[in-house]
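> Mind looking over this structure? Questions follow.
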Amino acid sequence: MRISERLAQIKPSATLAVNAKAQELRAQGREIISLAVGQPDFGTPQHVCDAAKAAMDDGFTRYTPVPGIPELRDAVANYYTKFYGAKTCGDNAIISNGGKQVLYNLLMALINPGEEVLIPAPYWVSYPAMVQFAEGVSVFVPTTAEEDYLVTLEGLEAVRTDKTRVLILNSPSNPTGCCYTQAQLEAIAQWARNNDIFIISDEVYDRLVYAPAEPASLAKVWETHPETIAIVGALSKSFCMTGWRVGYALAHEELVKAMSKIQGQSTSNINSITQKAALAALNGSWDIVDEMKESFVRRRDLAYEIITGWGAECPKPDGAFYLFPVLDKFYTEDAPDSAAMCTKILEEVGVALVPGSAFGDDKCIRFSYAVDDETLKDALSKVGSVLLGK
Ligand code: PLP
């Protein structure tokens, strides 16, 4: 079978690989706890499911406009007005198959071959592969646990060249959970504007920010600089709708048209039924978000106590549902890197984690706390026994 060279360069998703290995062990009868999950352990709210059922019963099962039904695009625009005060309208919104397709469309629409994309590391696993598909060049901007894994203007300036076209910001971050403040985001946006660099602000976890931190978003300044920033959002995490595939962007009208052109020649509109469900989510009750936040704060604190109790360095994150501790001092001769250590942990005590190497930092391992408290405690005690050799 002859597969294109383009694909030979692309690494398969590491998170999916961990889950596949965990499933294999489960099939052999082993009890496996997964802290590798990238989705909330809550169900999609009933009123959202009901809207989908009603859409089917009403025969709302045909093609829709490629960028989404007008009322959903309006609802996305209203979301950014309601939460961030952005004055905008449905023409500035596009609905795609998850945050993932929004990011893919954006990179395809913005990058010329050879142009550079700045990616603060650690980074979400799919950014480099998407840049590669767009024939761009990923340039990583290193950050450290001491700096809460946030980039500084000096760090950005150090890697900027005249080929730099885009900066991808991700706050709250997957894998670190760390968040920029509004002031930090705006300072970076100012630097980017001064250097003619476009910002893709991946804010798919924007509702999952824990007090006293406050949700920060470039949507607050988007209105005055719409040609330099695109905001990426999704209902996957905030409304527990990972399987429904609904993401959206707030972007300049011309960019929305360009993205629609790409989407129109690839997937067309997202599922029509999902669009009605998304409309119910955006326009209905947000109680689920508060409920989840309460649980996530409790679990974050629990996991943070245990992990730092091992003597591991780990910034205490203000958002998402991940911790990204530095664990390399526990690596051993038979498990000398994050991937080998994750395999050892999975095989010895049946806990699935994602190696930091997948996110561009081999010193770390990602822990998701999107599981119930008892499971979390049990899993962490097992991981601790391997790391501390007890
Ligand atoms: N961006 C980040 C940082 C993510 O963690 C994810 C999913 O894990 C996505 C984008 C994609 O989200 P979706 O499932 O909506 O495609």
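For the structure tokens, the naming scheme is as follows: chains receive sequential letters (A, B, ...) according to their order of presentation, residues are indexed from 1 within each chain, and ligands are indexed from 1 in presentation order.
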Which parts of segment 232-384 of chain A does DSSP call strand (DSSP E or B) when run on the backbone here, written out as a list in words?
Val232, Gly233, Ala234, Gly247, Tyr248, Ala249, Leu250, Glu313, Gly319, Tyr322, Leu323, Val326, Val351, Ala352, Val354, Pro355, Cys364, Ile365, Arg366, Phe367 and Ser368 of chain A
> How about saving the chosen residues, all heavy atoms kept, as a short mmCIF file (atom, residue, chain, number, x, y, z; two decimals), in the first residue's frame?

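The file below, result.cif, is the result:
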```cif
data_model
loop_
_atom_site.label_atom_id
_atom_site.label_comp_id
_atom_site.auth_asym_id
_atom_site.auth_seq_id
_atom_site.Cartn_x
_atom_site.Cartn_y
_atom_site.Cartn_z
N VAL A 232 -10.57 30.33 19.61
CA VAL A 232 -11.09 28.98 19.38
C VAL A 232 -11.84 28.53 20.63
O VAL A 232 -11.29 28.60 21.75
CB VAL A 232 -9.94 27.99 19.10
CG1 VAL A 232 -10.50 26.58 18.85
CG2 VAL A 232 -9.10 28.46 17.92
N GLY A 233 -13.07 28.09 20.46
CA GLY A 233 -13.85 27.58 21.58
C GLY A 233 -14.50 26.26 21.20
O GLY A 233 -14.45 25.84 20.04
N ALA A 234 -15.10 25.60 22.19
CA ALA A 234 -15.78 24.33 21.92
C ALA A 234 -16.72 24.02 23.07
O ALA A 234 -16.54 24.54 24.17
CB ALA A 234 -14.75 23.20 21.78
N GLY A 247 -17.25 22.68 17.84
CA GLY A 247 -16.32 23.74 18.21
C GLY A 247 -16.67 24.97 17.40
O GLY A 247 -17.50 24.92 16.49
N TYR A 248 -16.07 26.09 17.77
CA TYR A 248 -16.37 27.32 17.04
C TYR A 248 -15.21 28.29 17.13
O TYR A 248 -14.33 28.16 17.99
CB TYR A 248 -17.65 27.99 17.59
CG TYR A 248 -17.75 27.98 19.10
CD1 TYR A 248 -17.11 28.94 19.88
CD2 TYR A 248 -18.49 26.99 19.75
CE1 TYR A 248 -17.21 28.91 21.26
CE2 TYR A 248 -18.59 26.96 21.14
CZ TYR A 248 -17.94 27.92 21.89
OH TYR A 248 -18.03 27.89 23.25
N ALA A 249 -15.23 29.23 16.20
CA ALA A 249 -14.21 30.30 16.24
C ALA A 249 -14.91 31.63 16.21
O ALA A 249 -16.00 31.78 15.62
CB ALA A 249 -13.28 30.18 15.05
N LEU A 250 -14.27 32.60 16.84
CA LEU A 250 -14.63 34.00 16.68
C LEU A 250 -13.48 34.60 15.86
O LEU A 250 -12.32 34.57 16.30
CB LEU A 250 -14.72 34.67 18.05
CG LEU A 250 -14.94 36.19 18.05
CD1 LEU A 250 -16.32 36.53 17.49
CD2 LEU A 250 -14.81 36.75 19.47
N GLU A 313 7.95 18.70 41.77
CA GLU A 313 7.64 20.10 41.46
C GLU A 313 6.41 20.12 40.56
O GLU A 313 6.34 19.37 39.59
CB GLU A 313 8.84 20.71 40.74
CG GLU A 313 8.67 22.18 40.49
CD GLU A 313 9.86 22.77 39.71
OE1 GLU A 313 10.75 21.98 39.32
OE2 GLU A 313 9.85 23.97 39.50
N GLY A 319 -6.93 25.98 36.04
CA GLY A 319 -7.98 25.63 35.08
C GLY A 319 -7.80 24.25 34.47
O GLY A 319 -6.86 23.52 34.79
N TYR A 322 -6.09 19.00 34.46
CA TYR A 322 -4.82 18.28 34.36
C TYR A 322 -3.80 18.84 35.34
O TYR A 322 -3.83 20.03 35.68
CB TYR A 322 -4.23 18.45 32.96
CG TYR A 322 -5.17 18.14 31.83
CD1 TYR A 322 -5.72 19.17 31.07
CD2 TYR A 322 -5.53 16.83 31.53
CE1 TYR A 322 -6.61 18.91 30.03
CE2 TYR A 322 -6.41 16.55 30.49
CZ TYR A 322 -6.95 17.59 29.75
OH TYR A 322 -7.82 17.33 28.73
N LEU A 323 -2.86 17.96 35.74
CA LEU A 323 -1.66 18.39 36.46
C LEU A 323 -0.49 17.87 35.66
O LEU A 323 -0.56 16.77 35.07
CB LEU A 323 -1.65 17.79 37.87
CG LEU A 323 -2.64 18.40 38.86
CD1 LEU A 323 -2.93 17.41 39.98
CD2 LEU A 323 -2.10 19.69 39.45
N VAL A 326 6.74 17.64 37.36
CA VAL A 326 8.08 17.28 36.90
C VAL A 326 8.47 16.02 37.68
O VAL A 326 8.59 16.06 38.91
CB VAL A 326 9.09 18.42 37.21
CG1 VAL A 326 10.48 18.05 36.71
CG2 VAL A 326 8.61 19.73 36.59
N VAL A 351 -2.33 1.81 35.95
CA VAL A 351 -2.83 3.19 35.84
C VAL A 351 -2.29 3.80 34.54
O VAL A 351 -1.08 3.78 34.30
CB VAL A 351 -2.39 4.06 37.05
CG1 VAL A 351 -2.88 5.50 36.87
CG2 VAL A 351 -2.92 3.48 38.35
N ALA A 352 -3.20 4.30 33.71
CA ALA A 352 -2.79 4.91 32.43
C ALA A 352 -2.58 6.41 32.61
O ALA A 352 -3.44 7.11 33.14
CB ALA A 352 -3.86 4.65 31.38
N VAL A 354 -0.36 9.96 30.56
CA VAL A 354 0.22 10.31 29.25
C VAL A 354 1.62 10.88 29.47
O VAL A 354 1.82 11.80 30.27
CB VAL A 354 -0.65 11.34 28.50
CG1 VAL A 354 -0.10 11.53 27.08
CG2 VAL A 354 -2.10 10.91 28.44
N PRO A 355 2.62 10.30 28.75
CA PRO A 355 4.00 10.78 28.91
C PRO A 355 4.16 12.24 28.49
O PRO A 355 3.59 12.67 27.48
CB PRO A 355 4.82 9.86 28.01
CG PRO A 355 3.85 9.12 27.15
CD PRO A 355 2.51 9.19 27.81
N CYS A 364 8.19 15.47 32.37
CA CYS A 364 6.88 15.49 33.06
C CYS A 364 5.98 14.34 32.60
O CYS A 364 6.21 13.69 31.58
CB CYS A 364 6.17 16.80 32.75
SG CYS A 364 7.12 18.24 33.25
N ILE A 365 4.93 14.15 33.39
CA ILE A 365 3.86 13.19 33.04
C ILE A 365 2.53 13.89 33.29
O ILE A 365 2.40 14.62 34.27
CB ILE A 365 3.99 11.90 33.88
CG1 ILE A 365 5.26 11.13 33.46
CG2 ILE A 365 2.75 11.02 33.75
CD1 ILE A 365 5.52 9.85 34.24
N ARG A 366 1.57 13.69 32.38
CA ARG A 366 0.28 14.36 32.57
C ARG A 366 -0.72 13.48 33.31
O ARG A 366 -0.93 12.33 32.95
CB ARG A 366 -0.34 14.76 31.21
CG ARG A 366 -1.53 15.71 31.41
CD ARG A 366 -2.33 15.89 30.15
NE ARG A 366 -3.16 14.71 29.86
CZ ARG A 366 -4.05 14.66 28.88
NH1 ARG A 366 -4.25 15.71 28.10
NH2 ARG A 366 -4.75 13.55 28.66
N PHE A 367 -1.31 14.08 34.34
CA PHE A 367 -2.36 13.41 35.12
C PHE A 367 -3.67 14.14 34.87
O PHE A 367 -3.76 15.35 35.10
CB PHE A 367 -2.07 13.50 36.63
CG PHE A 367 -0.85 12.72 37.08
CD1 PHE A 367 0.43 13.10 36.69
CD2 PHE A 367 -1.00 11.62 37.90
CE1 PHE A 367 1.54 12.37 37.10
CE2 PHE A 367 0.11 10.89 38.32
CZ PHE A 367 1.38 11.27 37.92
N SER A 368 -4.70 13.41 34.45
CA SER A 368 -6.03 14.02 34.33
C SER A 368 -6.80 13.68 35.61
O SER A 368 -6.73 12.55 36.09
CB SER A 368 -6.75 13.43 33.12
OG SER A 368 -8.15 13.65 33.25
#
```
> Go through the chains and note each residue within 9 Å of ligand 1, using only C-alpha atoms and all ligand atoms, then give the set as a count of residues only.
41
> Fewer than 2 positions away in the same chain doesn't count, so skip those; otherwise give me all residues within 6 Å of Val48 of chain A, counting only C-alpha atoms, as a PDB file with N, CA, C and O atoms, in the first residue's frame.

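Generated output (around28.pdb):
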```pdb
ATOM      1  N   PRO A  45     -25.740  17.423  29.557  1.00  0.00           N
ATOM      2  CA  PRO A  45     -26.994  17.789  30.225  1.00  0.00           C
ATOM      3  C   PRO A  45     -28.237  17.326  29.450  1.00  0.00           C
ATOM      4  O   PRO A  45     -28.248  17.331  28.218  1.00  0.00           O
ATOM      5  N   GLN A  46     -29.267  16.953  30.222  1.00  0.00           N
ATOM      6  CA  GLN A  46     -30.479  16.378  29.622  1.00  0.00           C
ATOM      7  C   GLN A  46     -31.126  17.319  28.605  1.00  0.00           C
ATOM      8  O   GLN A  46     -31.564  16.891  27.537  1.00  0.00           O
ATOM      9  N   ASP A  50     -32.205  16.419  24.879  1.00  0.00           N
ATOM     10  CA  ASP A  50     -33.605  16.554  24.448  1.00  0.00           C
ATOM     11  C   ASP A  50     -33.706  17.383  23.165  1.00  0.00           C
ATOM     12  O   ASP A  50     -34.518  17.086  22.286  1.00  0.00           O
ATOM     13  N   ALA A  51     -32.887  18.404  23.063  1.00  0.00           N
ATOM     14  CA  ALA A  51     -32.910  19.254  21.863  1.00  0.00           C
ATOM     15  C   ALA A  51     -32.489  18.436  20.631  1.00  0.00           C
ATOM     16  O   ALA A  51     -33.028  18.620  19.532  1.00  0.00           O
ATOM     17  N   ALA A 277     -28.497  20.788  19.312  1.00  0.00           N
ATOM     18  CA  ALA A 277     -28.096  20.515  20.697  1.00  0.00           C
ATOM     19  C   ALA A 277     -27.182  21.639  21.205  1.00  0.00           C
ATOM     20  O   ALA A 277     -27.320  22.111  22.341  1.00  0.00           O
ATOM     21  N   ALA A 280     -29.108  24.658  22.165  1.00  0.00           N
ATOM     22  CA  ALA A 280     -29.741  24.500  23.485  1.00  0.00           C
ATOM     23  C   ALA A 280     -28.702  24.699  24.593  1.00  0.00           C
ATOM     24  O   ALA A 280     -28.998  25.292  25.633  1.00  0.00           O
ATOM     25  N   ALA A 281     -27.495  24.229  24.349  1.00  0.00           N
ATOM     26  CA  ALA A 281     -26.439  24.391  25.359  1.00  0.00           C
ATOM     27  C   ALA A 281     -26.116  25.873  25.536  1.00  0.00           C
ATOM     28  O   ALA A 281     -26.147  26.404  26.652  1.00  0.00           O
TER      29      ALA A 281
END
```
> For the atom pair atom CA of Val137 of chain A and atom CA of Val18 of chain A, what is the interatomic distance in Å to one decimal place?
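Distance reported for this atom pair: 26.6 Å.
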> I'd like the contact shell of Ser217 of chain A - 10 Å cut-off, only C-alpha atoms, skipping same-chain residues fewer than 5 positions apart - returned as a list in words.
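Counting only C-alpha atoms, the residues come to Tyr80, Phe83, Tyr84, Ser171, Pro172, Tyr180, Thr181, Gln182, Ala183, Leu185, Glu186, Ser201, Asp202, Glu203, Asp206, Trp222 and Ile231 of chain A.
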